[in-house]
Structures are given as C-alpha cells and as structure tokens.
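Trainee: Compact mmCIF, C-alpha atoms, saved as start_13.txt, coming up:
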```txt
# COMPACT_ATOMS: atom_id res chain seq x y z
CA MET A 1 58.80 276.80 -21.69
CA THR A 2 59.01 274.62 -18.57
CA HIS A 3 57.00 271.43 -18.36
CA MET A 4 55.95 269.97 -15.06
CA THR A 5 58.02 266.83 -15.66
CA GLU A 6 61.18 268.88 -16.20
CA LEU A 7 60.59 270.93 -13.06
CA TYR A 8 59.85 267.83 -10.98
CA GLN A 9 62.97 266.03 -12.22
CA ALA A 10 65.09 269.11 -11.49
CA ARG A 11 63.80 269.23 -7.90
CA VAL A 12 64.52 265.52 -7.45
CA ALA A 13 68.04 265.96 -8.86
CA ALA A 14 68.63 268.85 -6.46
CA GLY A 15 67.51 266.73 -3.50
CA VAL A 16 64.52 268.97 -2.78
CA LEU A 17 62.04 266.19 -3.58
CA GLU A 18 62.17 262.44 -3.18
CA PRO A 19 61.16 260.45 -6.27
CA ASP A 20 57.82 258.68 -5.98
CA PRO A 21 56.31 256.41 -8.67
CA ALA A 22 52.72 257.55 -8.00
CA GLN A 23 53.73 261.19 -8.33
CA GLU A 24 55.73 260.50 -11.48
CA ALA A 25 52.73 258.72 -13.04
CA THR A 26 50.72 261.92 -12.60
CA LEU A 27 53.18 264.21 -14.38
CA PRO A 28 51.96 263.49 -17.96
CA GLU A 29 48.52 264.79 -16.99
CA PHE A 30 50.02 268.10 -15.93
CA ASP A 31 52.16 268.25 -19.09
CA ARG A 32 49.03 267.62 -21.19
CA ILE A 33 47.30 270.59 -19.59
CA THR A 34 50.36 272.80 -20.04
CA GLU A 35 50.51 272.02 -23.76
CA GLY A 36 46.81 272.79 -24.12
CA LEU A 37 47.00 276.08 -22.26
CA ARG A 38 49.95 277.22 -24.37
CA ALA A 39 48.40 276.23 -27.69
CA GLU A 40 47.71 279.04 -30.16
CA PRO A 41 44.10 280.16 -30.71
CA VAL A 42 42.40 278.46 -33.66
CA LYS A 43 40.17 280.14 -36.29
CA ARG A 44 37.02 278.13 -37.00
CA GLY A 45 35.98 280.21 -40.03
CA LEU A 46 37.01 283.13 -42.23
CA PHE A 47 35.09 285.75 -40.31
CA ARG A 48 35.10 284.14 -36.89
CA LYS A 49 37.27 285.19 -34.01
CA ALA A 50 40.12 282.82 -33.16
CA VAL A 51 39.41 280.83 -30.01
CA ARG A 52 41.60 278.79 -27.74
CA PRO A 53 40.96 275.04 -27.70
CA GLU A 54 39.19 273.62 -24.67
CA VAL A 55 41.64 272.06 -22.24
CA LYS A 56 40.34 269.23 -20.08
CA GLY A 57 41.22 269.71 -16.42
CA LEU A 58 42.37 267.25 -13.77
CA TYR A 59 40.70 265.84 -10.67
CA LEU A 60 43.57 264.35 -8.65
CA TRP A 61 42.45 262.24 -5.72
CA GLY A 62 44.05 259.87 -3.24
CA GLY A 63 44.99 259.40 0.40
CA VAL A 64 46.35 262.19 2.54
CA GLY A 65 50.06 262.96 2.56
CA ARG A 66 50.71 261.57 -0.93
CA GLY A 67 51.97 264.87 -2.35
CA LYS A 68 48.90 265.98 -4.30
CA SER A 69 49.04 269.58 -3.04
CA MET A 70 52.80 269.73 -3.57
CA LEU A 71 52.39 268.64 -7.20
CA MET A 72 49.67 271.21 -7.78
CA ASP A 73 51.86 273.98 -6.33
CA LEU A 74 54.69 272.89 -8.59
CA PHE A 75 52.34 272.85 -11.58
CA VAL A 76 51.10 276.40 -10.98
CA GLU A 77 54.72 277.51 -10.60
CA SER A 78 55.59 275.92 -13.95
CA LEU A 79 52.86 277.83 -15.82
CA GLU A 80 54.82 281.09 -15.58
CA GLU A 81 53.03 283.62 -17.81
CA ILE A 82 49.66 281.83 -18.00
CA PRO A 83 47.09 283.58 -15.74
CA SER A 84 46.37 281.09 -12.99
CA ARG A 85 45.34 280.99 -9.38
CA ARG A 86 45.88 278.44 -6.64
CA VAL A 87 43.39 278.59 -3.77
CA HIS A 88 41.92 276.31 -1.12
CA PHE A 89 38.46 275.22 -2.17
CA HIS A 90 36.80 276.29 1.10
CA ALA A 91 38.38 279.76 0.83
CA PHE A 92 37.27 280.10 -2.79
CA MET A 93 33.67 279.24 -1.98
CA GLN A 94 33.71 281.79 0.84
CA GLU A 95 34.78 284.42 -1.69
CA ILE A 96 31.99 283.41 -4.05
CA HIS A 97 29.36 283.70 -1.31
CA ALA A 98 30.70 287.13 -0.26
CA LYS A 99 30.66 288.44 -3.84
CA MET A 100 27.17 287.07 -4.42
CA HIS A 101 26.04 288.89 -1.29
CA GLU A 102 27.46 292.14 -2.70
CA ALA A 103 25.73 291.54 -6.04
CA ARG A 104 22.39 291.00 -4.32
CA LYS A 105 22.79 294.28 -2.42
CA LYS A 106 23.04 295.97 -5.84
CA GLY A 107 19.73 294.44 -6.85
CA ILE A 108 21.15 291.83 -9.21
CA GLU A 109 18.66 288.98 -9.34
CA ASP A 110 21.02 286.26 -10.61
CA ALA A 111 23.92 287.07 -8.29
CA LEU A 112 26.05 284.14 -9.41
CA ALA A 113 26.30 285.16 -13.08
CA PRO A 114 28.45 288.32 -12.68
CA VAL A 115 30.58 286.64 -10.00
CA ALA A 116 31.41 283.71 -12.28
CA GLU A 117 32.07 286.13 -15.13
CA ASP A 118 34.59 288.08 -13.02
CA VAL A 119 36.41 284.90 -12.01
CA ALA A 120 36.58 283.66 -15.60
CA ALA A 121 37.94 287.01 -16.80
CA SER A 122 40.84 286.89 -14.34
CA VAL A 123 42.32 283.42 -14.97
CA ARG A 124 42.74 280.67 -17.53
CA LEU A 125 43.45 278.05 -14.91
CA LEU A 126 42.03 277.57 -11.42
CA ALA A 127 43.87 275.20 -9.09
CA PHE A 128 41.81 274.13 -6.08
CA ASP A 129 43.28 272.38 -3.08
CA GLU A 130 41.13 269.82 -1.26
CA MET A 131 37.81 269.92 -3.01
CA GLN A 132 35.13 268.75 -0.63
CA ILE A 133 31.50 269.76 -0.21
CA THR A 134 30.07 269.76 3.29
CA ASP A 135 27.76 272.76 3.19
CA ILE A 136 24.39 272.63 1.44
CA THR A 137 24.72 276.22 0.22
CA ASP A 138 27.95 275.28 -1.57
CA ALA A 139 26.32 272.14 -2.97
CA MET A 140 23.45 274.13 -4.45
CA ILE A 141 25.59 276.64 -6.38
CA VAL A 142 28.80 274.81 -7.26
CA GLY A 143 27.31 273.10 -10.32
CA ARG A 144 26.17 276.35 -11.95
CA LEU A 145 29.43 278.05 -10.99
CA PHE A 146 31.65 275.41 -12.58
CA GLU A 147 29.41 275.16 -15.63
CA ALA A 148 29.90 278.90 -16.19
CA LEU A 149 33.67 278.64 -15.69
CA PHE A 150 34.00 275.73 -18.11
CA GLU A 151 31.80 277.54 -20.64
CA ALA A 152 34.15 280.54 -20.42
CA GLY A 153 37.16 278.35 -21.15
CA VAL A 154 38.62 278.13 -17.66
CA THR A 155 40.54 274.92 -16.99
CA VAL A 156 40.22 273.49 -13.48
CA VAL A 157 42.73 271.35 -11.59
CA THR A 158 41.79 270.13 -8.14
CA THR A 159 43.00 267.77 -5.45
CA SER A 160 40.72 265.77 -3.21
CA ASN A 161 40.83 262.93 -0.73
CA ARG A 162 37.63 261.56 -2.25
CA VAL A 163 36.67 260.00 -5.55
CA PRO A 164 34.12 262.29 -7.31
CA ASP A 165 31.23 259.91 -6.58
CA ASP A 166 31.82 260.38 -2.85
CA LEU A 167 31.58 264.18 -2.87
CA TYR A 168 28.76 265.49 -0.64
CA LYS A 169 28.02 261.88 0.27
CA ASN A 170 24.81 261.54 2.34
CA GLY A 171 24.29 265.29 2.00
CA LEU A 172 20.86 266.93 2.14
CA ASN A 173 19.11 266.89 -1.27
CA ARG A 174 22.14 265.14 -2.74
CA GLN A 175 20.19 264.18 -5.88
CA LEU A 176 20.39 267.85 -6.90
CA PHE A 177 24.18 267.63 -6.62
CA LEU A 178 24.65 264.60 -8.89
CA PRO A 179 24.78 266.62 -12.17
CA PHE A 180 27.89 268.37 -10.79
CA ILE A 181 29.63 265.01 -10.37
CA ALA A 182 28.77 264.18 -13.98
CA LEU A 183 30.18 267.57 -15.02
CA ILE A 184 33.45 266.84 -13.24
CA LYS A 185 33.82 263.55 -15.09
CA GLU A 186 33.06 265.24 -18.42
CA LYS A 187 35.34 268.26 -18.06
CA MET A 188 38.16 266.85 -15.92
CA GLN A 189 40.37 263.79 -16.15
CA VAL A 190 39.90 261.80 -12.94
CA HIS A 191 43.24 260.38 -11.78
CA GLU A 192 43.94 258.44 -8.61
CA MET A 193 47.35 258.95 -7.01
CA ALA A 194 47.67 255.59 -5.30
CA SER A 195 50.94 255.79 -3.43
CA PRO A 196 51.47 253.54 -0.39
CA ARG A 197 53.61 256.25 1.17
CA ASP A 198 52.33 259.08 3.36
CA PHE A 199 55.04 261.75 3.16
CA ARG A 200 53.40 263.95 5.78
CA GLN A 201 53.15 261.08 8.23
CA ASP A 202 56.76 260.11 7.49
CA ARG A 203 57.87 263.49 8.81
CA LEU A 204 56.10 262.88 12.11
CA THR A 205 56.70 259.17 12.64
CA GLY A 206 58.95 258.60 15.61
CA ASN A 207 58.97 262.30 16.56
CA PRO A 208 57.22 263.76 19.63
CA VAL A 209 53.80 265.30 19.01
CA TYR A 210 52.80 266.23 22.58
CA PHE A 211 54.94 268.88 24.30
CA THR A 212 54.84 269.91 27.95
CA PRO A 213 55.21 272.07 30.02
CA LEU A 214 54.58 275.37 28.27
CA SER A 215 57.82 277.29 27.81
CA ALA A 216 59.85 279.33 25.34
CA GLU A 217 61.69 276.18 24.30
CA ILE A 218 58.42 274.38 23.57
CA ARG A 219 57.16 277.35 21.53
CA ALA A 220 60.34 277.20 19.47
CA GLU A 221 59.86 273.45 18.95
CA MET A 222 56.28 273.96 17.76
CA GLU A 223 57.42 276.70 15.39
CA ALA A 224 60.09 274.38 13.93
CA ILE A 225 57.49 271.66 13.30
CA TRP A 226 55.16 274.17 11.65
CA GLN A 227 57.95 275.39 9.39
CA ASP A 228 58.85 271.84 8.43
CA LEU A 229 55.28 270.89 7.57
CA THR A 230 54.27 274.06 5.74
CA GLY A 231 57.39 276.08 4.97
CA GLY A 232 55.78 278.82 7.04
CA ALA A 233 53.62 279.90 4.11
CA ALA A 234 50.05 279.92 5.35
CA SER A 235 46.86 281.93 5.38
CA PRO A 236 43.65 281.86 7.41
CA LEU A 237 40.96 279.37 6.46
CA THR A 238 37.29 280.13 7.10
CA LEU A 239 34.84 277.24 7.27
CA ARG A 240 31.17 278.06 6.84
CA VAL A 241 29.11 275.90 9.19
CA LYS A 242 25.33 276.40 9.30
CA GLY A 243 25.60 280.11 8.62
CA ARG A 244 28.53 280.72 11.01
CA ASP A 245 32.23 281.18 10.34
CA VAL A 246 34.81 278.93 11.99
CA VAL A 247 38.22 280.50 11.46
CA LEU A 248 41.55 278.68 11.52
CA PRO A 249 44.22 281.39 11.88
CA ALA A 250 46.83 279.57 9.76
CA TYR A 251 46.38 276.82 7.18
CA ARG A 252 48.27 275.24 4.30
CA ASN A 253 47.96 271.94 2.46
CA GLY A 254 45.81 270.23 5.08
CA VAL A 255 47.88 271.47 8.04
CA ALA A 256 46.28 274.01 10.40
CA ARG A 257 47.62 275.95 13.38
CA ALA A 258 45.62 277.48 16.21
CA THR A 259 45.76 278.14 19.92
CA PHE A 260 43.57 276.49 22.53
CA TYR A 261 41.58 279.70 22.96
CA ASP A 262 41.09 280.13 19.19
CA LEU A 263 39.13 276.87 19.14
CA CYS A 264 37.90 276.34 22.68
CA GLY A 265 37.49 279.91 23.88
CA ALA A 266 35.00 280.67 21.11
CA MET A 267 31.34 279.58 21.19
CA LEU A 268 31.81 276.52 19.01
CA GLY A 269 29.91 273.25 19.11
CA PRO A 270 30.09 269.66 17.83
CA GLY A 271 29.10 270.60 14.26
CA ASP A 272 31.88 273.17 14.08
CA TYR A 273 34.50 270.72 15.29
CA LEU A 274 33.27 268.02 12.90
CA ALA A 275 33.65 270.45 9.98
CA LEU A 276 37.13 271.37 11.21
CA ALA A 277 38.14 267.71 11.49
CA ASP A 278 36.85 267.08 7.98
CA ALA A 279 38.89 269.96 6.52
CA VAL A 280 42.17 269.38 8.37
CA LYS A 281 44.60 266.47 8.27
CA VAL A 282 47.11 267.77 10.82
CA LEU A 283 46.29 270.24 13.61
CA VAL A 284 49.03 272.11 15.46
CA LEU A 285 47.27 273.18 18.68
CA GLU A 286 49.18 275.40 21.09
CA ASN A 287 48.91 276.51 24.72
CA ILE A 288 46.44 274.04 26.21
CA PRO A 289 46.13 275.28 29.82
CA GLN A 290 45.42 273.45 33.05
CA LEU A 291 41.69 272.66 33.01
CA GLY A 292 39.20 272.84 35.84
CA ARG A 293 36.47 274.93 37.46
CA SER A 294 37.85 278.25 36.23
CA ASN A 295 37.59 277.31 32.56
CA PHE A 296 34.97 274.57 32.66
CA ASN A 297 33.19 275.64 29.43
CA GLU A 298 36.46 275.76 27.52
CA ALA A 299 37.34 272.33 28.91
CA LYS A 300 34.02 270.88 27.69
CA ARG A 301 34.68 272.26 24.21
CA PHE A 302 38.18 270.80 24.31
CA VAL A 303 36.72 267.35 25.02
CA THR A 304 34.37 267.73 22.04
CA LEU A 305 37.22 268.92 19.83
CA ILE A 306 39.42 265.94 20.73
CA ASP A 307 36.53 263.55 20.10
CA ALA A 308 36.05 265.02 16.59
CA LEU A 309 39.77 264.90 15.78
CA TYR A 310 40.07 261.35 17.12
CA GLU A 311 37.12 259.98 15.16
CA ALA A 312 38.33 261.65 11.94
CA GLY A 313 41.91 260.40 12.35
CA VAL A 314 43.38 263.90 12.39
CA ARG A 315 47.02 264.00 13.47
CA LEU A 316 47.33 266.26 16.55
CA ILE A 317 50.52 268.07 17.51
CA CYS A 318 50.06 270.11 20.67
CA SER A 319 51.68 271.95 23.54
CA ALA A 320 50.07 271.73 26.97
CA ALA A 321 50.54 272.77 30.58
CA ALA A 322 50.72 269.12 31.72
CA GLU A 323 50.65 265.53 30.57
CA PRO A 324 47.18 264.33 29.45
CA GLU A 325 46.43 262.56 32.75
CA PHE A 326 47.14 265.73 34.75
CA LEU A 327 45.45 268.34 32.56
CA PHE A 328 42.07 268.11 34.33
CA VAL A 329 42.48 266.99 37.92
CA GLU A 330 39.78 268.84 39.89
CA GLY A 331 36.14 269.88 39.58
CA ASP A 332 33.10 268.53 37.77
CA GLY A 333 34.10 266.62 34.67
CA ALA A 334 37.46 265.37 35.94
CA PHE A 335 36.26 261.76 35.87
CA GLU A 336 34.78 262.10 32.36
CA PHE A 337 38.05 263.65 31.17
CA GLU A 338 39.80 260.33 31.68
CA ARG A 339 38.57 259.19 28.25
CA THR A 340 39.94 262.37 26.65
CA ALA A 341 43.28 261.83 28.38
CA SER A 342 43.35 258.28 27.07
CA ARG A 343 42.65 259.49 23.55
CA LEU A 344 45.35 262.16 23.79
CA ARG A 345 47.79 259.46 24.87
CA GLU A 346 46.72 257.13 22.05
CA MET A 347 47.06 259.93 19.48
CA GLN A 348 50.76 260.23 20.40
CA ASP A 349 51.49 256.74 19.08
CA ARG A 350 53.85 256.74 16.10
CA ASN A 351 51.45 254.56 14.08
CA TRP A 352 48.39 256.64 14.85
CA GLY A 353 47.29 259.40 12.53
CA THR A 354 45.61 260.35 9.31
CA SER A 355 44.26 257.50 7.24
CA ASP A 356 41.66 256.89 4.53
```
Starting from the file, lay out its structure as structure tokens.

Mentor:
Amino acid sequence: MTHMTELYQARVAAGVLEPDPAQEATLPEFDRITEGLRAEPVKRGLFRKAVRPEVKGLYLWGGVGRGKSMLMDLFVESLEEIPSRRVHFHAFMQEIHAKMHEARKKGIEDALAPVAEDVAASVRLLAFDEMQITDITDAMIVGRLFEALFEAGVTVVTTSNRVPDDLYKNGLNRQLFLPFIALIKEKMQVHEMASPRDFRQDRLTGNPVYFTPLSAEIRAEMEAIWQDLTGGAASPLTLRVKGRDVVLPAYRNGVARATFYDLCGAMLGPGDYLALADAVKVLVLENIPQLGRSNFNEAKRFVTLIDALYEAGVRLICSAAAEPEFLFVEGDGAFEFERTASRLREMQDRNWGTSD
C-alpha cells in the first residue's frame, strides 16, 4: 500500500519534484483519505449489510501554479486498485448535461437521478481539477448532484483557485447556490495551499513567450514549451457559455493550446473569451497571421481575446507573423490596434502573468 507522502518523498529523492513546504503540509490530508478509502467495511448490526465508513473529501485551494493539480494527479496514482477518476470540473459538468439530455429523451422526469447513480456506481473517489462555477445551469444542479454522490459514499477531492465562499460569486440567483457551499464545508476538508512560489511561472520567467516570424523552428519551440508545461498529456476542454460550446483543442492543468483560427476564426464574442480567460491560466496561441482588411473580423475578435486575457492576468505564449507593432499596419482598426500591441508587449514582461 502506497501512501501519498511516500510517493511524494520518492519523487523528490529522484529529483522529479522539488520539495515545497506548502505541498508537504497538504500530504497528511491525502494520507487521511487513503486510509479511509482502504478501511474495511463495518457491520452496524447482526443482520445489516457491512458498509464502508464515510470518508471526508478535500477542497484544496490556493493561487495558480502552486502544484495543486500535480498533487492531485499524484494522489490518484497512489490509490492503485481503488476505483477513482480524475477529470477537469468543466469537462465533468459537460458530461452530466449530456447524460441528462439523453435521460430526458427517454422520458425520465428527474433526469439527474439516474445520471448521479451511474457516476456513483463507477467510482469511490472523484478528483476534480479547477472547480469553478460560471454557468447558471451548472449552479442550479451541482448541489443536488454532489448531495447524491456523497449520499452514495463517493469521496470528492477538488482543486480550486477560490475559497468555497467565492464560488459563483455575483452569479445570477446566487442565494440558491449557497446550500452547495455549506455542503462542501460539511463533506470536504477545506485546505489552503499558501505557497509563495508559482512553479508554473518559474518555468516561464526569463524565457521568451512571443515568437516571430512563423517558421518550422518556431513551431518546434512552441511544441517544446507545451511539452514542458504539460508533459504532452492533454485533452480537449469544452466550455459551455450561454448555451454554446467554446472548445479548446488541448488542455491540461490550467494550460491550454489553440491556434489563432480556433479562437478568432470562429463566431465567438466577449462572453466566450471571458469564460476562456476564467478557465485558463496559460494560453499557448499559435499562428497569429498578419492582420488587416482581408481578415478584419478575425482581427477584431483577436483584440477582444487579448483584452480578456490581459484583464484576467492569463499568461500568453504565442507565435505570430510579426512583432506586435507590425501585426496590424493597414486598414480600418490599425490605429485602435495600437493598444492591443502595447498589451502584447507588456504581457511579454518576465514579471507579468497569472496572479490572484
């Protein structure tokens, strides 16, 4: 039986991980959950079926780049034979909505009940990365969903950049969401990982983040950065924004990768880019072309995208056809683009980036 602490210490000894006091302070919480999940079922009476003891989960929150997602990955790895699943929270909620839609097509009135039952039957532990609620449809069902999972004995571990009380902050009908926050505090241990160090930012500090001109060498450089930040293991992430899907082709642990045309060639607007900026901490954006009359609509969307990333403090790593000041040099909008060029230049500063 491998405990999280043992696995973490082995990775540090091997030089795979760097020791960090805030991470080390979190390890006993993971070990506690491991012991609970591996405990033998207990009989409460002579004729009653043996049941497993309830295991309180973990809500791990703190600033970006502190290693929360890395610790959760390591924890799921350490569980070995225990049925568990690690999934990004946005992706999980998309699955729930899709399965509820299928249940409704079958005439099931309470579509959430069988969906929650199926999830609970498949795992004993659910590990969510980056819990955040931005969509009112998620806010309205997440309480009932988690209540059903907890009732079925599923233990939940999640990471978040927000303290529970700030989830769905200023959201529509937020008073209906407050019981879910109370449920989190009851069923999960809330633990802040307060490290002064941002490991993700450390990897980028002092290194170029804006690459030009577009070439095979630049593509190779972007691929190397992506591998370093994510290990190359990624999957698409779908964000549901006002009934529409915004798809990021590759995503892992707060780092997303897309091309200019993935995000600016599609019919996306300010709300879509705000949701993207809220979900992503680092964006690797490739193949920004020369902008002008021929792609004016795409250029306008690019301006909106950069504004959203800038205001949210998202770290941008990009490849482009020219330096920021020479990306948009002719046609309507060239003058207005000067602010975008200035922001692109500012976002290259070694001290600029994700912050909370």

Trainee: Name all residues at most 6 Å from Ala234 (chain A) (count all atoms listed in the file; drop same-chain ones fewer than 2 positions away) and give them as a PDB file with C-alpha atoms, in the frame of the given file.

Mentor:
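Ended up saving to out.pdb:
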```pdb
ATOM      1  CA  ALA A 250      46.830 279.570   9.760  1.00  0.00           C
ATOM      2  CA  TYR A 251      46.380 276.820   7.180  1.00  0.00           C
ATOM      3  CA  ARG A 252      48.270 275.240   4.300  1.00  0.00           C
TER       4      ARG A 252
END
```

Trainee: Please, which residues in region 11-62 of chain A fall within 12 Å of region 129-149 of chain A when counting all atoms listed in the file, and what is the closest atom pair and distance in Å to one decimal for each, ordered by chain then residue number, as CSV?

Mentor:
```
residue,atom,partner,partner_atom,distance
A:Glu54,CA,A:Leu149,CA,11.7
A:Gly57,CA,A:Leu149,CA,11.7
A:Leu58,CA,A:Asp129,CA,11.9
A:Tyr59,CA,A:Met131,CA,9.1
A:Leu60,CA,A:Glu130,CA,9.5
A:Trp61,CA,A:Glu130,CA,8.9
A:Gly62,CA,A:Glu130,CA,10.6
```

Trainee: Just to confirm, what's the straight-line distance from CA of Val119 (chain A) to CA of Arg52 (chain A) in Å (one decimal)?

Mentor: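 Distance between the two atoms: 17.7 Å.
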
Trainee: CA of Lys300 (chain A) and CA of Val247 (chain A) are how many Å apart?

Mentor: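 Here the two named atoms are 19.3 Å from each other.
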
Trainee: Which distance in Å separates CA of Leu237 (chain A) and CA of Ala256 (chain A), to one decimal?

Mentor: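 The value is 8.5 Å.
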
Trainee: Which residues are near Ala22 (chain A)? Cut-off 12 Å, all atoms listed in the file, ignore same chain within fewer than 4 positions. Put them as a PDB file with C-alpha atoms, keeping the file's coordinate frame.

Mentor:
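Result file result_34.pdb:
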```pdb
ATOM      1  CA  GLU A  18      62.170 262.440  -3.180  1.00  0.00           C
ATOM      2  CA  THR A  26      50.720 261.920 -12.600  1.00  0.00           C
ATOM      3  CA  LEU A  27      53.180 264.210 -14.380  1.00  0.00           C
ATOM      4  CA  PRO A  28      51.960 263.490 -17.960  1.00  0.00           C
ATOM      5  CA  LEU A  60      43.570 264.350  -8.650  1.00  0.00           C
ATOM      6  CA  TRP A  61      42.450 262.240  -5.720  1.00  0.00           C
ATOM      7  CA  GLY A  62      44.050 259.870  -3.240  1.00  0.00           C
ATOM      8  CA  GLY A  63      44.990 259.400   0.400  1.00  0.00           C
ATOM      9  CA  ARG A  66      50.710 261.570  -0.930  1.00  0.00           C
ATOM     10  CA  GLY A  67      51.970 264.870  -2.350  1.00  0.00           C
ATOM     11  CA  LYS A  68      48.900 265.980  -4.300  1.00  0.00           C
ATOM     12  CA  LEU A  71      52.390 268.640  -7.200  1.00  0.00           C
ATOM     13  CA  HIS A 191      43.240 260.380 -11.780  1.00  0.00           C
ATOM     14  CA  GLU A 192      43.940 258.440  -8.610  1.00  0.00           C
ATOM     15  CA  MET A 193      47.350 258.950  -7.010  1.00  0.00           C
ATOM     16  CA  ALA A 194      47.670 255.590  -5.300  1.00  0.00           C
ATOM     17  CA  SER A 195      50.940 255.790  -3.430  1.00  0.00           C
ATOM     18  CA  PRO A 196      51.470 253.540  -0.390  1.00  0.00           C
ATOM     19  CA  ARG A 197      53.610 256.250   1.170  1.00  0.00           C
ATOM     20  CA  ASP A 198      52.330 259.080   3.360  1.00  0.00           C
TER      21      ASP A 198
END
```

Trainee: Restricting the calculation to all atoms listed in the file: of A:Ala258, A:Val123, A:Met4, A:Ala25, which residue gets closest to Leu74 (chain A)?

Mentor: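 Among A:Ala258, A:Val123, A:Met4, A:Ala25, it is A:Met4 that comes nearest to Leu74 (chain A).
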
Trainee: Determine, counting all atoms listed in the file, which protein, DNA and RNA residues have an atom within 6 Å of an atom of region 206-215 of chain A; residues of the same chain fewer than 6 positions away are not included. Present the result as a PyMOL selection string.

Mentor: chain A and resi 317-322+350

Trainee: For Leu112 (chain A), please output as a ChimeraX atom specification all residues within 8 Å (counting only C-alpha atoms; exclusion window: fewer than 2 positions along the same chain).

Mentor: /A:100,110,114-116,145

Trainee: Go through A:Leu285, A:Phe260, A:Phe326, A:Gly15 and flag the residue nearest Ala299 (chain A), using all atoms listed in the file for the distances.

Mentor: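 Result for the nearest residue to Ala299 (chain A): A:Phe260.
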
Trainee: From the set A:Glu323, A:Asp73, A:Glu102, A:Asp349, which residue has the shortest atom-to-atom contact distance to Arg85 (chain A), counting all atoms listed in the file?

Mentor: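 Comparing A:Glu323, A:Asp73, A:Glu102, A:Asp349 against Arg85 (chain A), the winner is A:Asp73.
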
Trainee: In terms of the shortest atom-to-atom distance over all atoms listed in the file, which of A:Ala334, A:Ala91, A:Val329, A:Ala341 is closest to Asp245 (chain A)?

Mentor: A:Ala91
